[in-house]
file query10.pdb (PDB, C-alpha atoms)
ATOM      1  CA  VAL A   1     -14.942 -60.953  34.037
ATOM      2  CA  THR A   2     -15.866 -57.804  32.214
ATOM      3  CA  ILE A   3     -13.604 -55.911  29.896
ATOM      4  CA  ALA A   4     -13.010 -52.180  29.997
ATOM      5  CA  THR A   5     -10.926 -50.308  27.476
ATOM      6  CA  ALA A   6      -8.493 -47.434  27.511
ATOM      7  CA  SER A   7     -11.117 -45.321  25.787
ATOM      8  CA  ARG A   8     -13.216 -45.403  28.910
ATOM      9  CA  THR A   9     -13.681 -41.815  30.027
ATOM     10  CA  THR A  10     -15.209 -39.734  32.733
ATOM     11  CA  SER A  11     -18.595 -40.626  31.292
ATOM     12  CA  SER A  12     -18.305 -43.953  33.130
ATOM     13  CA  THR A  13     -20.584 -44.322  36.091
ATOM     14  CA  ALA A  14     -19.522 -42.850  39.384
ATOM     15  CA  ALA A  15     -19.681 -46.309  40.930
ATOM     16  CA  ALA A  16     -17.254 -47.734  38.386
ATOM     17  CA  ASP A  17     -14.893 -44.802  38.855
ATOM     18  CA  ALA A  18     -14.839 -45.464  42.573
ATOM     19  CA  GLU A  19     -13.578 -49.011  42.059
ATOM     20  CA  PRO A  20      -9.945 -49.421  43.110
ATOM     21  CA  TYR A  21      -7.200 -50.328  40.658
ATOM     22  CA  SER A  22      -4.912 -53.321  40.982
ATOM     23  CA  LEU A  23      -1.952 -54.149  38.792
ATOM     24  CA  ARG A  24      -0.580 -57.610  38.152
ATOM     25  CA  LEU A  25       2.894 -57.951  36.627
ATOM     26  CA  LEU A  26       3.622 -61.597  37.449
ATOM     27  CA  ARG A  27       2.613 -64.079  34.724
ATOM     28  CA  GLY A  28       1.862 -61.092  32.481
ATOM     29  CA  PHE A  29       0.489 -57.562  32.584
ATOM     30  CA  GLU A  30      -3.051 -57.121  33.827
ATOM     31  CA  LEU A  31      -4.607 -53.910  35.076
ATOM     32  CA  ARG A  32      -7.974 -54.181  36.786
ATOM     33  CA  ARG A  33     -10.441 -51.692  38.116
ATOM     34  CA  GLY A  34     -12.531 -53.635  40.552
ATOM     35  CA  GLU A  35     -13.264 -56.879  38.710
ATOM     36  CA  ALA A  36     -13.027 -55.354  35.234
ATOM     37  CA  ILE A  37      -9.895 -55.768  33.142
ATOM     38  CA  VAL A  38      -8.656 -52.443  31.760
ATOM     39  CA  ARG A  39      -7.200 -52.880  28.290
ATOM     40  CA  LEU A  40      -4.224 -50.661  27.527
ATOM     41  CA  PRO A  41      -2.104 -50.279  24.404
ATOM     42  CA  MET A  42       1.476 -51.515  24.734
ATOM     43  CA  SER A  43       2.890 -48.033  25.354
ATOM     44  CA  GLY A  44       0.485 -47.574  28.243
ATOM     45  CA  GLN A  45       1.348 -51.000  29.647
ATOM     46  CA  ARG A  46       5.059 -50.240  29.512
ATOM     47  CA  LEU A  47       4.611 -46.907  31.270
ATOM     48  CA  ALA A  48       2.368 -48.372  33.985
ATOM     49  CA  ALA A  49       4.741 -51.305  34.554
ATOM     50  CA  PHE A  50       7.787 -49.040  34.702
ATOM     51  CA  LEU A  51       6.171 -46.727  37.250
ATOM     52  CA  ALA A  52       4.882 -49.693  39.262
ATOM     53  CA  LEU A  53       8.238 -51.436  39.476
ATOM     54  CA  HIS A  54      10.064 -48.309  40.567
ATOM     55  CA  GLY A  55       7.474 -47.352  43.152
ATOM     56  CA  ARG A  56       8.507 -43.720  43.518
ATOM     57  CA  ARG A  57       8.070 -40.407  41.751
ATOM     58  CA  MET A  58      10.468 -40.033  38.853
ATOM     59  CA  GLN A  59      11.418 -37.206  36.565
ATOM     60  CA  ARG A  60       9.486 -37.275  33.323
ATOM     61  CA  VAL A  61      12.635 -36.826  31.285
ATOM     62  CA  TYR A  62      14.181 -39.872  32.970
ATOM     63  CA  VAL A  63      11.123 -42.049  32.340
ATOM     64  CA  ALA A  64      10.997 -40.991  28.698
ATOM     65  CA  GLY A  65      14.719 -41.611  28.260
ATOM     66  CA  VAL A  66      14.554 -45.145  29.659
ATOM     67  CA  LEU A  67      11.328 -46.259  27.985
ATOM     68  CA  TRP A  68      12.231 -44.876  24.560
ATOM     69  CA  ILE A  69      15.968 -45.264  24.768
ATOM     70  CA  ASP A  70      16.450 -45.429  20.989
ATOM     71  CA  SER A  71      14.477 -42.245  20.290
ATOM     72  CA  THR A  72      15.602 -38.633  20.290
ATOM     73  CA  GLU A  73      14.785 -36.715  23.459
ATOM     74  CA  GLU A  74      12.050 -34.822  21.642
ATOM     75  CA  GLN A  75      10.473 -38.000  20.274
ATOM     76  CA  ALA A  76      10.801 -39.799  23.624
ATOM     77  CA  ASN A  77       9.008 -36.939  25.379
ATOM     78  CA  ALA A  78       6.276 -36.996  22.745
ATOM     79  CA  ASN A  79       5.885 -40.765  23.180
ATOM     80  CA  LEU A  80       5.636 -40.290  26.936
ATOM     81  CA  ARG A  81       2.905 -37.663  26.559
ATOM     82  CA  THR A  82       0.943 -40.037  24.314
ATOM     83  CA  ALA A  83       1.354 -43.003  26.670
ATOM     84  CA  LEU A  84       0.414 -40.842  29.624
ATOM     85  CA  TRP A  85      -2.669 -39.572  27.845
ATOM     86  CA  ARG A  86      -3.730 -43.154  27.148
ATOM     87  CA  LEU A  87      -3.141 -44.164  30.753
ATOM     88  CA  ARG A  88      -5.168 -41.241  32.019
ATOM     89  CA  GLN A  89      -7.948 -42.154  29.585
ATOM     90  CA  ALA A  90      -8.078 -45.486  31.418
ATOM     91  CA  GLY A  91      -8.415 -43.639  34.707
ATOM     92  CA  SER A  92      -7.357 -40.228  35.892
ATOM     93  CA  SER A  93      -6.466 -41.492  39.362
ATOM     94  CA  LEU A  94      -4.049 -44.175  38.158
ATOM     95  CA  VAL A  95      -1.010 -41.930  37.797
ATOM     96  CA  ASP A  96       0.160 -38.963  39.840
ATOM     97  CA  VAL A  97       1.484 -36.369  37.438
ATOM     98  CA  THR A  98       3.165 -33.017  37.883
ATOM     99  CA  SER A  99       4.851 -30.866  35.276
ATOM    100  CA  THR A 100       8.199 -32.492  36.109
ATOM    101  CA  HIS A 101       7.488 -35.822  37.825
ATOM    102  CA  LEU A 102       5.196 -38.816  37.608
ATOM    103  CA  GLY A 103       4.521 -42.038  39.466
ATOM    104  CA  LEU A 104       1.889 -44.684  39.931
ATOM    105  CA  ALA A 105      -0.726 -43.654  42.500
ATOM    106  CA  ASP A 106       0.234 -44.851  45.978
ATOM    107  CA  ASP A 107      -3.002 -46.756  46.518
ATOM    108  CA  VAL A 108      -2.636 -49.070  43.510
ATOM    109  CA  PRO A 109      -1.553 -52.518  44.734
ATOM    110  CA  VAL A 110       1.096 -54.187  42.567
ATOM    111  CA  ASP A 111       1.724 -57.920  42.976
ATOM    112  CA  ALA A 112       5.464 -57.772  42.201
ATOM    113  CA  ARG A 113       5.982 -55.004  44.758
ATOM    114  CA  ASP A 114       4.010 -57.018  47.287
ATOM    115  CA  ILE A 115       6.306 -60.005  46.826
ATOM    116  CA  ALA A 116       9.436 -57.865  46.951
ATOM    117  CA  GLY A 117       8.196 -56.327  50.205
ATOM    118  CA  ARG A 118       7.373 -59.729  51.669
ATOM    119  CA  ALA A 119      10.830 -61.017  50.750
ATOM    120  CA  GLN A 120      12.441 -57.979  52.322
ATOM    121  CA  ARG A 121      10.522 -58.555  55.551
ATOM    122  CA  VAL A 122      11.598 -62.204  55.628
ATOM    123  CA  LEU A 123      15.217 -61.191  55.138
ATOM    124  CA  GLN A 124      14.967 -58.628  57.933
ATOM    125  CA  THR A 125      12.974 -60.651  60.466
ATOM    126  CA  GLY A 126      13.320 -64.275  59.389
ATOM    127  CA  ALA A 127       9.555 -64.695  59.650
ATOM    128  CA  GLY A 128       7.083 -64.926  56.815
ATOM    129  CA  GLN A 129       3.408 -65.226  55.988
ATOM    130  CA  PRO A 130       1.794 -68.613  55.314
ATOM    131  CA  ASP A 131       1.718 -68.215  51.526
ATOM    132  CA  ASP A 132       5.171 -66.642  51.134
ATOM    133  CA  LEU A 133       6.795 -69.865  49.995
ATOM    134  CA  GLU A 134       4.403 -70.337  47.105
ATOM    135  CA  ARG A 135       4.753 -66.711  46.032
ATOM    136  CA  PHE A 136       8.542 -66.599  46.219
ATOM    137  CA  ALA A 137       8.755 -69.551  43.849
ATOM    138  CA  GLN A 138       7.415 -67.469  40.926
ATOM    139  CA  PRO A 139       9.637 -64.373  40.503
ATOM    140  CA  ALA A 140      10.927 -65.530  37.122
ATOM    141  CA  GLU A 141       7.452 -64.859  35.782
ATOM    142  CA  LEU A 142       7.752 -61.090  36.126
ATOM    143  CA  LEU A 143       6.422 -59.807  32.791
ATOM    144  CA  PRO A 144       7.419 -62.913  30.843
ATOM    145  CA  ASP A 145       8.282 -62.227  27.201
ATOM    146  CA  TRP A 146       9.209 -58.619  27.969
ATOM    147  CA  TYR A 147      12.885 -58.063  27.196
ATOM    148  CA  ASP A 148      13.302 -54.355  27.911
ATOM    149  CA  ASP A 149      16.522 -53.806  29.836
ATOM    150  CA  TRP A 150      14.706 -52.345  32.845
ATOM    151  CA  VAL A 151      12.367 -55.354  32.997
ATOM    152  CA  VAL A 152      15.246 -57.833  32.854
ATOM    153  CA  VAL A 153      17.011 -55.992  35.683
ATOM    154  CA  GLU A 154      13.879 -55.899  37.869
ATOM    155  CA  ARG A 155      13.145 -59.568  37.124
ATOM    156  CA  GLU A 156      16.654 -60.523  38.247
ATOM    157  CA  ARG A 157      16.457 -58.290  41.317
ATOM    158  CA  LEU A 158      13.147 -59.860  42.366
ATOM    159  CA  ARG A 159      14.401 -63.346  41.643
ATOM    160  CA  GLN A 160      17.536 -62.835  43.739
ATOM    161  CA  ARG A 161      15.576 -61.427  46.656
ATOM    162  CA  CYS A 162      13.176 -64.392  46.530
ATOM    163  CA  VAL A 163      15.984 -66.973  46.466
ATOM    164  CA  GLN A 164      17.551 -65.404  49.534
ATOM    165  CA  ALA A 165      14.176 -65.161  51.280
ATOM    166  CA  LEU A 166      13.458 -68.842  50.575
ATOM    167  CA  GLU A 167      16.772 -69.842  52.119
ATOM    168  CA  ARG A 168      15.992 -67.674  55.138
ATOM    169  CA  LEU A 169      12.505 -69.189  55.435
ATOM    170  CA  SER A 170      14.092 -72.636  55.310
ATOM    171  CA  ARG A 171      16.420 -71.766  58.170
ATOM    172  CA  THR A 172      13.613 -70.283  60.270
ATOM    173  CA  ALA A 173      11.408 -73.331  59.713
ATOM    174  CA  ARG A 174      14.255 -75.680  60.606
ATOM    175  CA  GLU A 175      14.976 -73.771  63.823
ATOM    176  CA  ARG A 176      11.287 -74.079  64.729
ATOM    177  CA  GLY A 177      11.308 -77.813  64.085
ATOM    178  CA  GLN A 178       9.145 -77.475  60.960
ATOM    179  CA  PHE A 179      11.336 -79.757  58.889
ATOM    180  CA  ALA A 180       8.992 -80.427  55.971
ATOM    181  CA  GLU A 181       8.541 -76.678  55.434
ATOM    182  CA  ALA A 182      12.291 -76.173  55.766
ATOM    183  CA  ALA A 183      12.995 -78.761  53.073
ATOM    184  CA  GLU A 184      10.256 -77.387  50.840
ATOM    185  CA  ALA A 185      11.588 -73.818  51.042
ATOM    186  CA  GLY A 186      15.103 -75.071  50.311
ATOM    187  CA  LEU A 187      13.901 -77.057  47.325
ATOM    188  CA  ALA A 188      12.075 -74.001  45.990
ATOM    189  CA  ALA A 189      15.360 -72.088  46.185
ATOM    190  CA  VAL A 190      17.132 -74.946  44.389
ATOM    191  CA  ALA A 191      14.523 -74.810  41.635
ATOM    192  CA  LEU A 192      15.287 -71.127  41.091
ATOM    193  CA  GLU A 193      19.031 -71.799  40.805
ATOM    194  CA  PRO A 194      20.079 -75.466  40.711
ATOM    195  CA  LEU A 195      23.795 -74.638  40.988
ATOM    196  CA  ARG A 196      23.447 -72.482  44.102
ATOM    197  CA  GLU A 197      25.158 -74.404  46.877
ATOM    198  CA  SER A 198      23.544 -72.535  49.785
ATOM    199  CA  ALA A 199      20.116 -73.623  48.508
ATOM    200  CA  HIS A 200      21.180 -77.279  48.482
ATOM    201  CA  ARG A 201      22.707 -76.873  51.923
ATOM    202  CA  ALA A 202      19.354 -75.556  53.199
ATOM    203  CA  VAL A 203      17.642 -78.743  51.993
ATOM    204  CA  ILE A 204      20.373 -80.966  53.413
ATOM    205  CA  GLU A 205      20.326 -79.185  56.779
ATOM    206  CA  ALA A 206      16.556 -79.697  56.980
ATOM    207  CA  HIS A 207      16.938 -83.431  56.314
ATOM    208  CA  LEU A 208      19.767 -83.773  58.815
ATOM    209  CA  ALA A 209      17.865 -81.854  61.497
ATOM    210  CA  GLN A 210      15.037 -84.346  61.085
ATOM    211  CA  GLY A 211      17.452 -87.254  61.263
ATOM    212  CA  ASN A 212      17.028 -88.263  57.622
ATOM    213  CA  ALA A 213      20.618 -88.961  56.669
ATOM    214  CA  ALA A 214      19.643 -90.886  53.541
ATOM    215  CA  ASP A 215      17.631 -87.957  52.183
ATOM    216  CA  ALA A 216      20.491 -85.595  53.003
ATOM    217  CA  LEU A 217      22.933 -87.855  51.185
ATOM    218  CA  ARG A 218      20.614 -88.109  48.173
ATOM    219  CA  GLN A 219      20.412 -84.327  47.934
ATOM    220  CA  PHE A 220      24.178 -84.050  48.274
ATOM    221  CA  ARG A 221      24.775 -86.593  45.504
ATOM    222  CA  LEU A 222      22.331 -84.774  43.266
ATOM    223  CA  PHE A 223      24.195 -81.498  43.739
ATOM    224  CA  GLU A 224      27.601 -83.144  43.456
ATOM    225  CA  ASP A 225      26.642 -84.785  40.148
ATOM    226  CA  LEU A 226      25.111 -81.591  38.784
ATOM    227  CA  LEU A 227      28.173 -79.529  39.665
ATOM    228  CA  ALA A 228      30.527 -82.091  38.127
ATOM    229  CA  ARG A 229      28.468 -82.432  34.968
ATOM    230  CA  ASP A 230      27.817 -78.724  34.330
ATOM    231  CA  LEU A 231      31.003 -77.109  35.612
ATOM    232  CA  GLY A 232      33.481 -79.910  36.304
ATOM    233  CA  LEU A 233      33.714 -78.723  39.925
ATOM    234  CA  ARG A 234      33.323 -80.204  43.403
ATOM    235  CA  PRO A 235      31.199 -78.803  46.250
ATOM    236  CA  THR A 236      32.936 -76.348  48.560
ATOM    237  CA  PRO A 237      34.599 -77.243  51.889
ATOM    238  CA  LEU A 238      31.510 -75.835  53.630
ATOM    239  CA  MET A 239      29.414 -78.561  52.038
ATOM    240  CA  ASP A 240      32.026 -81.215  52.817
ATOM    241  CA  GLU A 241      31.943 -80.129  56.457
ATOM    242  CA  LEU A 242      28.156 -80.380  56.528
ATOM    243  CA  MET A 243      28.233 -83.874  55.048
ATOM    244  CA  ARG A 244      31.073 -85.177  57.216
ATOM    245  CA  SER A 245      28.745 -86.682  59.826
ATOM    246  CA  VAL A 246      26.859 -88.565  57.100
ATOM    247  CA  THR A 247      29.642 -89.791  54.877
ATOM    248  CA  LYS A 248      32.344 -90.661  57.419
ATOM    249  CA  PRO A 249      33.025 -94.382  57.595
TER     250      PRO A 249
ATOM    251  CA  MET B   1      20.648 -56.755  24.253
ATOM    252  CA  VAL B   2      21.676 -56.884  20.600
ATOM    253  CA  SER B   3      19.469 -55.972  17.668
ATOM    254  CA  SER B   4      19.874 -56.701  13.985
ATOM    255  CA  GLY B   5      17.241 -55.135  11.773
ATOM    256  CA  GLU B   6      13.926 -56.534  12.912
ATOM    257  CA  ARG B   7      15.532 -59.213  15.038
ATOM    258  CA  THR B   8      16.547 -58.753  18.668
ATOM    259  CA  GLY B   9      18.535 -61.147  20.814
ATOM    260  CA  VAL B  10      18.985 -60.940  24.576
ATOM    261  CA  MET B  11      21.601 -62.337  26.897
ATOM    262  CA  VAL B  12      21.417 -62.239  30.683
ATOM    263  CA  ILE B  13      24.558 -63.127  32.613
ATOM    264  CA  ARG B  14      23.718 -63.953  36.205
ATOM    265  CA  LEU B  15      26.848 -64.011  38.368
ATOM    266  CA  TRP B  16      27.364 -65.107  41.925
ATOM    267  CA  LEU B  17      30.231 -66.213  44.164
ATOM    268  CA  GLU B  18      30.465 -69.435  46.128
ATOM    269  CA  THR B  19      32.730 -67.755  48.623
ATOM    270  CA  ALA B  20      33.800 -70.973  50.318
ATOM    271  CA  ALA B  21      35.173 -72.312  47.038
ATOM    272  CA  GLU B  22      38.685 -71.788  45.758
ATOM    273  CA  ASN B  23      37.232 -71.177  42.316
ATOM    274  CA  ALA B  24      34.341 -69.003  43.507
ATOM    275  CA  LEU B  25      32.847 -67.543  40.334
ATOM    276  CA  ARG B  26      29.597 -69.004  39.003
ATOM    277  CA  ALA B  27      27.559 -67.802  36.068
ATOM    278  CA  ARG B  28      24.308 -68.788  34.462
ATOM    279  CA  VAL B  29      23.954 -67.274  31.042
ATOM    280  CA  ILE B  30      20.472 -67.058  29.617
ATOM    281  CA  VAL B  31      20.425 -66.598  25.863
ATOM    282  CA  VAL B  32      17.376 -65.626  23.858
ATOM    283  CA  PRO B  33      18.491 -65.724  20.208
ATOM    284  CA  ASP B  34      15.301 -64.035  19.016
ATOM    285  CA  VAL B  35      12.861 -62.442  21.444
ATOM    286  CA  GLU B  36      10.006 -63.136  19.043
ATOM    287  CA  SER B  37      10.619 -66.873  19.302
ATOM    288  CA  ARG B  38      10.418 -66.708  23.111
ATOM    289  CA  GLU B  39      12.856 -69.606  23.321
ATOM    290  CA  ALA B  40      15.638 -69.271  25.883
ATOM    291  CA  GLU B  41      18.764 -71.380  26.236
ATOM    292  CA  ASP B  42      20.753 -71.754  29.448
ATOM    293  CA  GLU B  43      24.502 -72.122  29.776
ATOM    294  CA  VAL B  44      26.647 -72.202  32.892
ATOM    295  CA  ALA B  45      30.241 -71.193  33.470
ATOM    296  CA  SER B  46      32.747 -70.929  36.297
ATOM    297  CA  SER B  47      35.458 -68.722  34.839
ATOM    298  CA  VAL B  48      35.740 -65.371  33.129
ATOM    299  CA  ASP B  49      37.124 -67.019  30.000
ATOM    300  CA  GLU B  50      34.157 -69.379  29.733
ATOM    301  CA  ILE B  51      31.731 -66.484  30.082
ATOM    302  CA  VAL B  52      33.546 -64.460  27.447
ATOM    303  CA  GLU B  53      33.481 -67.455  25.111
ATOM    304  CA  ILE B  54      29.721 -67.870  25.533
ATOM    305  CA  VAL B  55      29.229 -64.167  24.767
ATOM    306  CA  ARG B  56      31.517 -64.405  21.728
ATOM    307  CA  GLN B  57      29.668 -67.428  20.355
ATOM    308  CA  PHE B  58      26.297 -65.761  20.856
ATOM    309  CA  ALA B  59      27.338 -62.536  19.137
ATOM    310  CA  SER B  60      28.990 -64.441  16.259
ATOM    311  CA  SER B  61      25.978 -66.673  15.769
ATOM    312  CA  PHE B  62      23.631 -63.695  15.891
ATOM    313  CA  ALA B  63      25.719 -61.854  13.303
ATOM    314  CA  GLY B  64      25.798 -64.941  11.100
ATOM    315  CA  ASP B  65      29.587 -65.255  11.219
TER     316      ASP B  65
END
call {"tool": "encode", "arguments": {"input": "query10.pdb", "output": "structure tokens"}}
result
Amino acid sequence: VTIATASRTTSSTAAADAEPYSLRLLRGFELRRGEAIVRLPMSGQRLAAFLALHGRRMQRVYVAGVLWIDSTEEQANANLRTALWRLRQAGSSLVDVTSTHLGLADDVPVDARDIAGRAQRVLQTGAGQPDDLERFAQPAELLPDWYDDWVVVERERLRQRCVQALERLSRTARERGQFAEAAEAGLAAVALEPLRESAHRAVIEAHLAQGNAADALRQFRLFEDLLARDLGLRPTPLMDELMRSVTKP
Amino acid sequence: MVSSGERTGVMVIRLWLETAAENALRARVIVVPDVESREAEDEVASSVDEIVEIVRQFASSFAGD
């Protein structure tokens, strides 16, 4: 892996300039041009990540106001100009800029947007790609250690979409008779939120569909104990109904 | 997010409803007492009062009360 820096300019070779960008936001910020990592100062990283997560053109004044929320409007606009200059030093084709709006270039792939799009497709169609399950299990890693309000909101939005997509994948797999995949997707949803009853029900339904009453009961007991210990509550009547065939004398 | 001088603490309150339950509210509260430490603590709650109490304790502890 080679390292490029934000000071890289138009003096770079034409071949290098033709390399496409890619932006990774899961498990940390990483901008690449081809195979080379492009180093950016923090202000440039924040601007690139903000534009990437929103995925549309935004007014400059809005971007400045959100990214430098504690600054005066004048200072925020100055900070934006500096960050933008640094980003464009890294590559003039990375950001689309007008006098009033800016956005990440449409042809820059962003891993978090890819996952959000995949999750949306699963929720709309019920069907997924082979590696969806593995990818949906990692949304909590969106820009770890970044605590800006807009990052926290996007992290939660992505996480929620992935939990719902995992439950949907579980249902689809179960309906297709793919019980191991159904249980695995349900368990991935449980891992993202251990107190979410619909995630546990997805696992239990997969076990029951396969005829594994003991596994279903084990999962139920696990959830029942967790709910009692953490919240002093019992599972809902929906869960009781699901378990009736297993627990009736 | 709350900030005190150089120190910043963050709290995320994740709410959802178990609609089939009589007591439907669920919350997972993620507390980061100091973002520089990168250490997060989780708490869970199932009522508005419990959530408010977690927020109160966090703010009090952060302020050194």
call {"tool": "resolve_selection", "arguments": {"input": "query10.pdb", "expression": "the ChimeraX specification (/A :<8) & /B", "output": "VMD selection string"}}
result
chain B and resid 1 10 12 18 20 to 22 35 38 44 to 46
call {"tool": "atom_distance", "arguments": {"input": "query10.pdb", "atom1": "atom CA of A:Gln210", "atom2": "atom CA of A:Phe179"}}
result
6.3 Å
call {"tool": "resolve_selection", "arguments": {"input": "query10.pdb", "expression": "the PyMOL selection byres ((chain A and resi 205) around 9)", "output": "list of chain:residue names"}}
result
A:Arg171, A:Arg174, A:Ala182, A:Ala183, A:His200, A:Arg201, A:Ala202, A:Val203, A:Ile204, A:Ala206, A:His207, A:Leu208, A:Ala209, A:Gln210, A:Ala216, A:Leu242
call {"tool": "closest_residue", "arguments": {"input": "query10.pdb", "among": "B:Met11, B:Ala63, B:Leu17, B:Val48", "to": "B:Val29", "atoms": "only C-alpha atoms"}}
result
B:Met11
call {"tool": "residues_around", "arguments": {"input": "query10.pdb", "residues": "A:Ala78", "least_positions_apart": "3", "cutoff": "12 Å", "atoms": "only C-alpha atoms", "output": "list in words"}}
result
Ser43, Arg60, Val61, Val63, Ala64, Gly65, Leu67, Trp68, Ser71, Thr72, Glu73, Glu74, Gln75, Arg81, Thr82, Ala83, Leu84 and Trp85 of chain A
call {"tool": "resolve_selection", "arguments": {"input": "query10.pdb", "expression": "the PyMOL selection byres ((chain B and resi 47) around 9)", "output": "number ranges by chain"}}
result
B: 23-27, 45-46, 48-52
call {"tool": "residues_around", "arguments": {"input": "query10.pdb", "residues": "A:Gln124", "least_positions_apart": "3", "cutoff": "12 Å", "atoms": "only C-alpha atoms", "output": "PyMOL selection string"}}
result
chain A and resi 117-121+127-128+161+164-165+168-169+172
call {"tool": "atom_distance", "arguments": {"input": "query10.pdb", "atom1": "atom CA of A:Glu19", "atom2": "atom CA of A:Val38"}}
result
11.9 Å
call {"tool": "decode", "arguments": {"input": "query10.pdb", "residues": "stretch 5-65 of chain B", "atoms": "C-alpha atoms", "output": "mmCIF file, in the first residue's frame"}}
result
data_model
loop_
_atom_site.group_PDB
_atom_site.id
_atom_site.type_symbol
_atom_site.label_atom_id
_atom_site.label_comp_id
_atom_site.auth_asym_id
_atom_site.auth_seq_id
_atom_site.Cartn_x
_atom_site.Cartn_y
_atom_site.Cartn_z
ATOM 1 C CA GLY B 5 -13.916 22.712 29.254
ATOM 2 C CA GLU B 6 -11.709 20.270 27.408
ATOM 3 C CA ARG B 7 -13.861 17.298 28.307
ATOM 4 C CA THR B 8 -16.832 16.102 26.268
ATOM 5 C CA GLY B 9 -19.343 13.441 27.217
ATOM 6 C CA VAL B 10 -21.901 11.847 24.911
ATOM 7 C CA MET B 11 -25.154 10.072 25.575
ATOM 8 C CA VAL B 12 -27.200 8.241 22.960
ATOM 9 C CA ILE B 13 -30.722 7.199 23.904
ATOM 10 C CA ARG B 14 -32.000 4.547 21.532
ATOM 11 C CA LEU B 15 -35.760 4.087 21.886
ATOM 12 C CA TRP B 16 -38.075 1.510 20.428
ATOM 13 C CA LEU B 17 -41.524 0.074 21.132
ATOM 14 C CA GLU B 18 -42.403 -3.565 21.661
ATOM 15 C CA THR B 19 -45.895 -2.907 20.417
ATOM 16 C CA ALA B 20 -47.293 -6.233 21.580
ATOM 17 C CA ALA B 21 -46.328 -5.448 25.171
ATOM 18 C CA GLU B 22 -48.494 -3.632 27.673
ATOM 19 C CA ASN B 23 -45.424 -1.719 28.791
ATOM 20 C CA ALA B 24 -44.077 -1.085 25.285
ATOM 21 C CA LEU B 25 -41.245 1.401 25.764
ATOM 22 C CA ARG B 26 -37.659 0.144 25.592
ATOM 23 C CA ALA B 27 -34.491 2.180 25.748
ATOM 24 C CA ARG B 28 -30.811 1.460 25.509
ATOM 25 C CA VAL B 29 -28.763 4.355 26.750
ATOM 26 C CA ILE B 30 -25.165 4.508 25.639
ATOM 27 C CA VAL B 31 -23.029 6.744 27.815
ATOM 28 C CA VAL B 32 -19.549 7.914 26.928
ATOM 29 C CA PRO B 33 -18.333 9.874 29.969
ATOM 30 C CA ASP B 34 -15.306 11.216 28.102
ATOM 31 C CA VAL B 35 -14.955 10.842 24.344
ATOM 32 C CA GLU B 36 -11.177 10.843 24.688
ATOM 33 C CA SER B 37 -11.309 7.695 26.804
ATOM 34 C CA ARG B 38 -13.363 5.905 24.129
ATOM 35 C CA GLU B 39 -15.053 3.873 26.849
ATOM 36 C CA ALA B 40 -18.817 3.473 26.546
ATOM 37 C CA GLU B 41 -21.251 2.179 29.143
ATOM 38 C CA ASP B 42 -24.652 0.693 28.348
ATOM 39 C CA GLU B 43 -27.813 1.011 30.400
ATOM 40 C CA VAL B 44 -31.326 -0.147 29.601
ATOM 41 C CA ALA B 45 -34.693 1.174 30.687
ATOM 42 C CA SER B 46 -38.377 0.525 30.097
ATOM 43 C CA SER B 47 -40.024 3.679 31.395
ATOM 44 C CA VAL B 48 -39.725 7.410 30.920
ATOM 45 C CA ASP B 49 -38.814 7.861 34.578
ATOM 46 C CA GLU B 50 -35.945 5.379 34.340
ATOM 47 C CA ILE B 51 -34.587 7.135 31.264
ATOM 48 C CA VAL B 52 -34.809 10.528 32.929
ATOM 49 C CA GLU B 53 -33.003 9.147 35.971
ATOM 50 C CA ILE B 54 -30.158 7.796 33.833
ATOM 51 C CA VAL B 55 -29.827 11.192 32.132
ATOM 52 C CA ARG B 56 -29.888 12.978 35.499
ATOM 53 C CA GLN B 57 -27.194 10.721 36.943
ATOM 54 C CA PHE B 58 -24.992 11.167 33.885
ATOM 55 C CA ALA B 59 -25.283 14.956 33.899
ATOM 56 C CA SER B 60 -24.697 15.124 37.677
ATOM 57 C CA SER B 61 -21.682 12.850 37.493
ATOM 58 C CA PHE B 62 -20.267 14.805 34.564
ATOM 59 C CA ALA B 63 -20.712 18.078 36.445
ATOM 60 C CA GLY B 64 -19.085 16.584 39.529
ATOM 61 C CA ASP B 65 -22.165 17.060 41.710
#
